[in-house]
file data.cif (mmCIF, C-alpha atoms and all ligand atoms)
data_protein
#
loop_
_atom_site.label_atom_id
_atom_site.label_comp_id
_atom_site.auth_asym_id
_atom_site.auth_seq_id
_atom_site.Cartn_x
_atom_site.Cartn_y
_atom_site.Cartn_z
CA MET T 153 0.00 0.00 0.00
CA SER T 154 1.17 3.58 -0.62
CA ALA T 155 0.86 6.78 1.42
CA ASP T 156 -2.55 7.42 -0.16
CA GLY T 157 -3.77 3.97 0.95
CA VAL T 158 -4.13 2.68 -2.60
CA THR T 159 -2.50 -0.59 -3.68
CA ARG T 160 -1.38 -0.48 -7.30
CA VAL T 161 -1.32 -3.65 -9.42
CA LEU T 162 0.16 -3.89 -12.93
CA PHE T 163 -0.27 -6.98 -15.13
CA VAL T 164 2.40 -7.54 -17.77
CA CYS T 165 2.67 -9.73 -20.88
CA LEU T 166 4.47 -9.37 -24.20
CA GLY T 167 1.99 -7.55 -26.44
CA ASN T 168 -0.59 -6.18 -23.95
CA ILE T 169 -3.39 -7.33 -26.26
CA CYS T 170 -4.15 -10.86 -24.98
CA ARG T 171 -3.14 -11.99 -21.49
CA SER T 172 -2.45 -8.86 -19.43
CA PRO T 173 -5.55 -6.91 -20.57
CA THR T 174 -7.57 -10.04 -19.80
CA ALA T 175 -6.08 -10.01 -16.30
CA GLU T 176 -6.82 -6.28 -15.98
CA ALA T 177 -10.48 -6.79 -16.97
CA VAL T 178 -11.06 -9.83 -14.74
CA PHE T 179 -9.30 -8.43 -11.67
CA THR T 180 -11.08 -5.06 -12.10
CA ASN T 181 -14.42 -6.86 -12.25
CA ILE T 182 -13.72 -8.81 -9.04
CA VAL T 183 -12.40 -5.75 -7.20
CA GLU T 184 -15.45 -3.69 -8.21
CA ALA T 185 -17.84 -6.49 -7.26
CA ARG T 186 -16.32 -6.57 -3.76
CA GLY T 187 -16.66 -2.78 -3.40
CA LEU T 188 -12.88 -2.22 -3.36
CA ALA T 189 -12.47 -0.07 -6.47
CA GLY T 190 -11.20 2.92 -4.44
CA ASP T 191 -8.55 0.83 -2.67
CA ILE T 192 -6.88 -0.94 -5.59
CA ASP T 193 -5.61 0.68 -8.79
CA ILE T 194 -5.24 -1.73 -11.72
CA ASP T 195 -3.47 -1.44 -15.08
CA SER T 196 -1.72 -3.60 -17.67
CA CYS T 197 1.10 -3.20 -20.18
CA GLY T 198 3.45 -5.10 -22.49
CA THR T 199 7.19 -5.57 -22.34
CA SER T 200 7.06 -4.72 -26.07
CA GLY T 201 5.49 -1.65 -27.66
CA TRP T 202 4.31 -3.62 -30.71
CA HIS T 203 0.61 -2.99 -30.08
CA LYS T 204 0.79 0.45 -28.50
CA GLY T 205 -2.58 2.24 -28.69
CA GLU T 206 -4.36 -0.82 -30.09
CA PRO T 207 -7.47 -2.44 -28.60
CA PRO T 208 -7.08 -6.00 -27.27
CA ASP T 209 -7.09 -9.01 -29.61
CA GLU T 210 -10.66 -9.75 -30.79
CA ARG T 211 -10.40 -13.36 -29.66
CA ALA T 212 -9.50 -12.30 -26.12
CA THR T 213 -12.26 -9.67 -26.07
CA ARG T 214 -14.82 -12.23 -27.31
CA GLU T 215 -13.89 -14.91 -24.75
CA ALA T 216 -13.89 -12.33 -21.94
CA ALA T 217 -17.31 -10.98 -23.01
CA ARG T 218 -18.70 -14.53 -22.98
CA ARG T 219 -17.79 -14.64 -19.29
CA GLY T 220 -19.08 -11.13 -18.51
CA TYR T 221 -15.88 -9.06 -18.69
CA ASP T 222 -15.63 -5.92 -20.85
CA MET T 223 -12.23 -5.33 -22.47
CA THR T 224 -13.37 -2.89 -25.18
CA ALA T 225 -12.03 0.32 -23.58
CA LEU T 226 -8.51 -1.06 -22.99
CA ARG T 227 -5.57 0.04 -25.17
CA GLY T 228 -2.05 -1.35 -25.46
CA ARG T 229 0.92 0.36 -23.85
CA GLN T 230 4.54 -0.52 -23.12
CA ILE T 231 6.14 -0.73 -19.65
CA GLU T 232 7.87 2.49 -18.58
CA LEU T 233 10.62 3.01 -16.03
CA ARG T 234 8.32 4.95 -13.73
CA ASP T 235 5.95 1.94 -13.48
CA PHE T 236 8.44 0.11 -11.23
CA GLU T 237 8.07 2.68 -8.47
CA ARG T 238 4.37 3.40 -8.97
CA PHE T 239 3.04 -0.19 -8.91
CA HIS T 240 3.45 -2.35 -5.80
CA TYR T 241 2.60 -5.61 -7.57
CA ILE T 242 4.01 -5.99 -11.10
CA LEU T 243 2.84 -9.42 -12.15
CA ALA T 244 4.23 -11.13 -15.23
CA MET T 245 2.31 -13.73 -17.21
CA ASP T 246 5.36 -15.86 -18.01
CA TYR T 247 9.07 -16.24 -17.20
CA ALA T 248 10.15 -14.43 -20.37
CA ASN T 249 8.09 -11.37 -19.35
CA LEU T 250 9.51 -11.60 -15.81
CA SER T 251 13.11 -11.69 -16.99
CA GLU T 252 12.51 -8.65 -19.25
CA LEU T 253 11.13 -6.82 -16.22
CA GLN T 254 14.03 -7.93 -14.00
CA ALA T 255 16.51 -6.61 -16.56
CA MET T 256 14.89 -3.15 -16.54
CA CYS T 257 13.82 -2.80 -12.91
CA PRO T 258 15.80 -0.53 -10.56
CA ALA T 259 17.12 -2.68 -7.67
CA ALA T 260 15.10 -0.73 -5.11
CA PHE T 261 11.85 -2.02 -6.62
CA SER T 262 12.76 -5.61 -7.52
CA GLY T 263 10.52 -6.80 -4.67
CA HIS T 264 7.54 -5.50 -6.66
CA LEU T 265 8.04 -8.15 -9.37
CA GLY T 266 6.47 -11.60 -9.48
CA LEU T 267 4.61 -14.18 -11.54
CA PHE T 268 0.81 -13.79 -11.59
CA LEU T 269 0.12 -17.53 -11.25
CA GLU T 270 1.90 -17.62 -7.87
CA PHE T 271 -1.47 -16.44 -6.59
CA ALA T 272 -3.52 -19.15 -8.32
CA ALA T 273 -4.54 -21.79 -5.77
CA GLY T 274 -4.86 -25.34 -7.08
CA VAL T 275 -3.22 -24.54 -10.42
CA ASP T 276 -0.16 -26.60 -11.42
CA GLU T 277 1.01 -24.26 -14.18
CA GLU T 278 3.47 -21.45 -13.43
CA GLU T 279 2.91 -19.44 -16.61
CA VAL T 280 -0.12 -18.11 -18.50
CA PRO T 281 0.67 -19.48 -21.99
CA ASP T 282 0.80 -17.06 -24.90
CA PRO T 283 -2.43 -17.71 -26.88
CA TYR T 284 -1.62 -15.37 -29.79
CA TYR T 285 -0.62 -17.98 -32.38
CA GLY T 286 -3.12 -20.63 -31.27
CA GLY T 287 -6.86 -21.26 -31.43
CA ASP T 288 -9.85 -20.21 -29.35
CA ALA T 289 -9.21 -22.91 -26.73
CA GLY T 290 -6.03 -21.08 -25.75
CA PHE T 291 -8.01 -17.94 -24.93
CA SER T 292 -10.46 -19.91 -22.83
CA HIS T 293 -7.55 -21.47 -20.91
CA VAL T 294 -6.09 -18.00 -20.32
CA LEU T 295 -9.42 -16.95 -18.78
CA ASP T 296 -9.47 -20.03 -16.50
CA LEU T 297 -5.98 -19.27 -15.21
CA VAL T 298 -6.58 -15.54 -14.87
CA GLU T 299 -9.82 -16.04 -12.93
CA ALA T 300 -8.11 -18.39 -10.46
CA ALA T 301 -5.11 -16.11 -9.97
CA SER T 302 -7.31 -13.01 -9.60
CA GLU T 303 -9.28 -14.59 -6.75
CA GLY T 304 -6.03 -15.61 -5.08
CA LEU T 305 -4.47 -12.19 -5.54
CA LEU T 306 -7.44 -10.41 -3.98
CA SER T 307 -7.40 -12.83 -1.01
CA ALA T 308 -3.68 -12.19 -0.55
CA LEU T 309 -4.17 -8.40 -0.63
CA GLN T 310 -7.00 -8.64 1.89
CA ARG T 311 -4.98 -10.89 4.25
CA ARG T 312 -2.17 -8.37 4.16
CA ASP T 313 -4.36 -5.37 5.15
P1 LIG T 401 0.12 -11.16 -25.23
O1 LIG T 401 0.09 -11.98 -26.60
O2 LIG T 401 1.57 -11.03 -24.84
O3 LIG T 401 -0.66 -12.04 -24.29
O4 LIG T 401 -0.56 -9.84 -25.52
C1 LIG T 401 0.81 -11.61 -27.74
C2 LIG T 401 0.34 -10.59 -28.54
C3 LIG T 401 1.03 -10.23 -29.68
C4 LIG T 401 2.19 -10.91 -30.02
C5 LIG T 401 2.68 -11.93 -29.21
C6 LIG T 401 1.98 -12.27 -28.06
N1 LIG T 401 2.89 -10.56 -31.22
O5 LIG T 401 3.83 -11.29 -31.58
O6 LIG T 401 2.53 -9.55 -31.86
#
call {"tool": "encode", "arguments": {"input": "data.cif", "output": "structure tokens", "more": "lines below"}}
Ligand code: 4NP
result
Amino acid sequence: MSADGVTRVLFVCLGNICRSPTAEAVFTNIVEARGLAGDIDIDSCGTSGWHKGEPPDERATREAARRGYDMTALRGRQIELRDFERFHYILAMDYANLSELQAMCPAAFSGHLGLFLEFAAGVDEEEVPDPYYGGDAGFSHVLDLVEAASEGLLSALQRRD
């Protein structure tokens, strides 16, 4: 938590059009449903800037909408140096994203970095697999993992307060 009492969470993947915006939409939905929108600030970004300013991948948006999450207002952006100080939880979708973040992160903030699925109870996988080059089933699997990890993350934040 910061001086203003707000906990800031940043989800990170490669392109910021599939996995991390899905995590942003799902976690935002859960946080709002629990009445905690004023306590937790949520954002997402990519380690790359390849899809800067673009809306999320249509397949991700469609699978999220099927489950009641709205991703239509989200736009891609790339990680910036100032994010490492601003966000208390910077959660990577896979090990490649995490090592990109570790390479950029000032030492003082390295404790802010982690893997999102560390918060997913009962899930064997450690990474949210990149669904970009696969079929619709990959996007559905991303949603399953992201929903589990989002519940676990919120529980962890609440235990800590
Ligand atoms: P994301 O998926 O990292 O979950 O947003 C990808 C999106 C785009 C690309 C790769 C992965 N790409 O190669 O453009």
call {"tool": "closest_residue", "arguments": {"input": "data.cif", "among": "T:Val164, T:Ile192, T:Ala248, T:Ala216", "to": "Ile231 (chain T)", "atoms": "only C-alpha atoms"}}
result
T:Val164
call {"tool": "atom_distance", "arguments": {"input": "data.cif", "atom1": "CA of Ala217 (chain T)", "atom2": "CA of Glu232 (chain T)"}}
result
28.9 Å
call {"tool": "closest_residue", "arguments": {"input": "data.cif", "among": "T:Gly266, T:Gly167, T:Gly274, T:Gly287", "to": "ligand LIG 401 (chain T)", "atoms": "only C-alpha atoms and all ligand atoms"}}
result
T:Gly167
call {"tool": "residues_around", "arguments": {"input": "data.cif", "residues": "Asp195 (chain T)", "least_positions_apart": "5", "cutoff": "12 Å", "atoms": "only C-alpha atoms", "output": "PyMOL selection string"}}
result
chain T and resi 159-165+168+172-180+226-231+235+238-243
call {"tool": "closest_residue", "arguments": {"input": "data.cif", "among": "T:Ser307, T:Ser154, T:Ser200, T:Gln254", "to": "ligand LIG 401 (chain T)", "atoms": "all atoms listed in the file"}}
result
T:Ser200
call {"tool": "closest_residue", "arguments": {"input": "data.cif", "among": "T:Tyr247, T:Asn181, T:Gly263, T:Leu269", "to": "Asp222 (chain T)", "atoms": "all atoms listed in the file"}}
result
T:Asn181
call {"tool": "residues_near_ligand", "arguments": {"input": "data.cif", "ligand": "ligand LIG 401 (chain T)", "cutoff": "8 Å", "atoms": "only C-alpha atoms and all ligand atoms", "output": "CSV table (one decimal) with C-alpha atoms, in the frame of the given file"}}
result
chain,number,residue,atom,x,y,z
T,164,VAL,CA,2.4,-7.5,-17.8
T,165,CYS,CA,2.7,-9.7,-20.9
T,166,LEU,CA,4.5,-9.4,-24.2
T,167,GLY,CA,2.0,-7.6,-26.4
T,168,ASN,CA,-0.6,-6.2,-24.0
T,169,ILE,CA,-3.4,-7.3,-26.3
T,170,CYS,CA,-4.2,-10.9,-25.0
T,171,ARG,CA,-3.1,-12.0,-21.5
T,172,SER,CA,-2.4,-8.9,-19.4
T,173,PRO,CA,-5.6,-6.9,-20.6
T,198,GLY,CA,3.4,-5.1,-22.5
T,202,TRP,CA,4.3,-3.6,-30.7
T,203,HIS,CA,0.6,-3.0,-30.1
T,208,PRO,CA,-7.1,-6.0,-27.3
T,209,ASP,CA,-7.1,-9.0,-29.6
T,245,MET,CA,2.3,-13.7,-17.2
T,281,PRO,CA,0.7,-19.5,-22.0
T,282,ASP,CA,0.8,-17.1,-24.9
T,283,PRO,CA,-2.4,-17.7,-26.9
T,284,TYR,CA,-1.6,-15.4,-29.8
T,285,TYR,CA,-0.6,-18.0,-32.4
call {"tool": "closest_residue", "arguments": {"input": "data.cif", "among": "T:Asp296, T:Glu303, T:Asp288, T:Asp156", "to": "Ala185 (chain T)", "atoms": "all atoms listed in the file"}}
result
T:Glu303
call {"tool": "closest_residue", "arguments": {"input": "data.cif", "among": "T:Ala273, T:Ile194, T:Val280, T:Ile182", "to": "Leu297 (chain T)", "atoms": "only C-alpha atoms"}}
result
T:Val280
call {"tool": "atom_distance", "arguments": {"input": "data.cif", "atom1": "CA of Phe291 (chain T)", "atom2": "CA of Glu184 (chain T)"}}
result
23.2 Å
call {"tool": "atom_distance", "arguments": {"input": "data.cif", "atom1": "CA of Ala272 (chain T)", "atom2": "CA of Ala260 (chain T)"}}
result
26.4 Å
call {"tool": "axis_aligned_box", "arguments": {"input": "data.cif", "around": "region 281-293 of chain T", "padding_each_side": "4 Å", "output": "JSON"}}
result
{"center_x": -4.8, "center_y": -19.1, "center_z": -26.6, "size_x": 19.3, "size_y": 15.5, "size_z": 19.5}
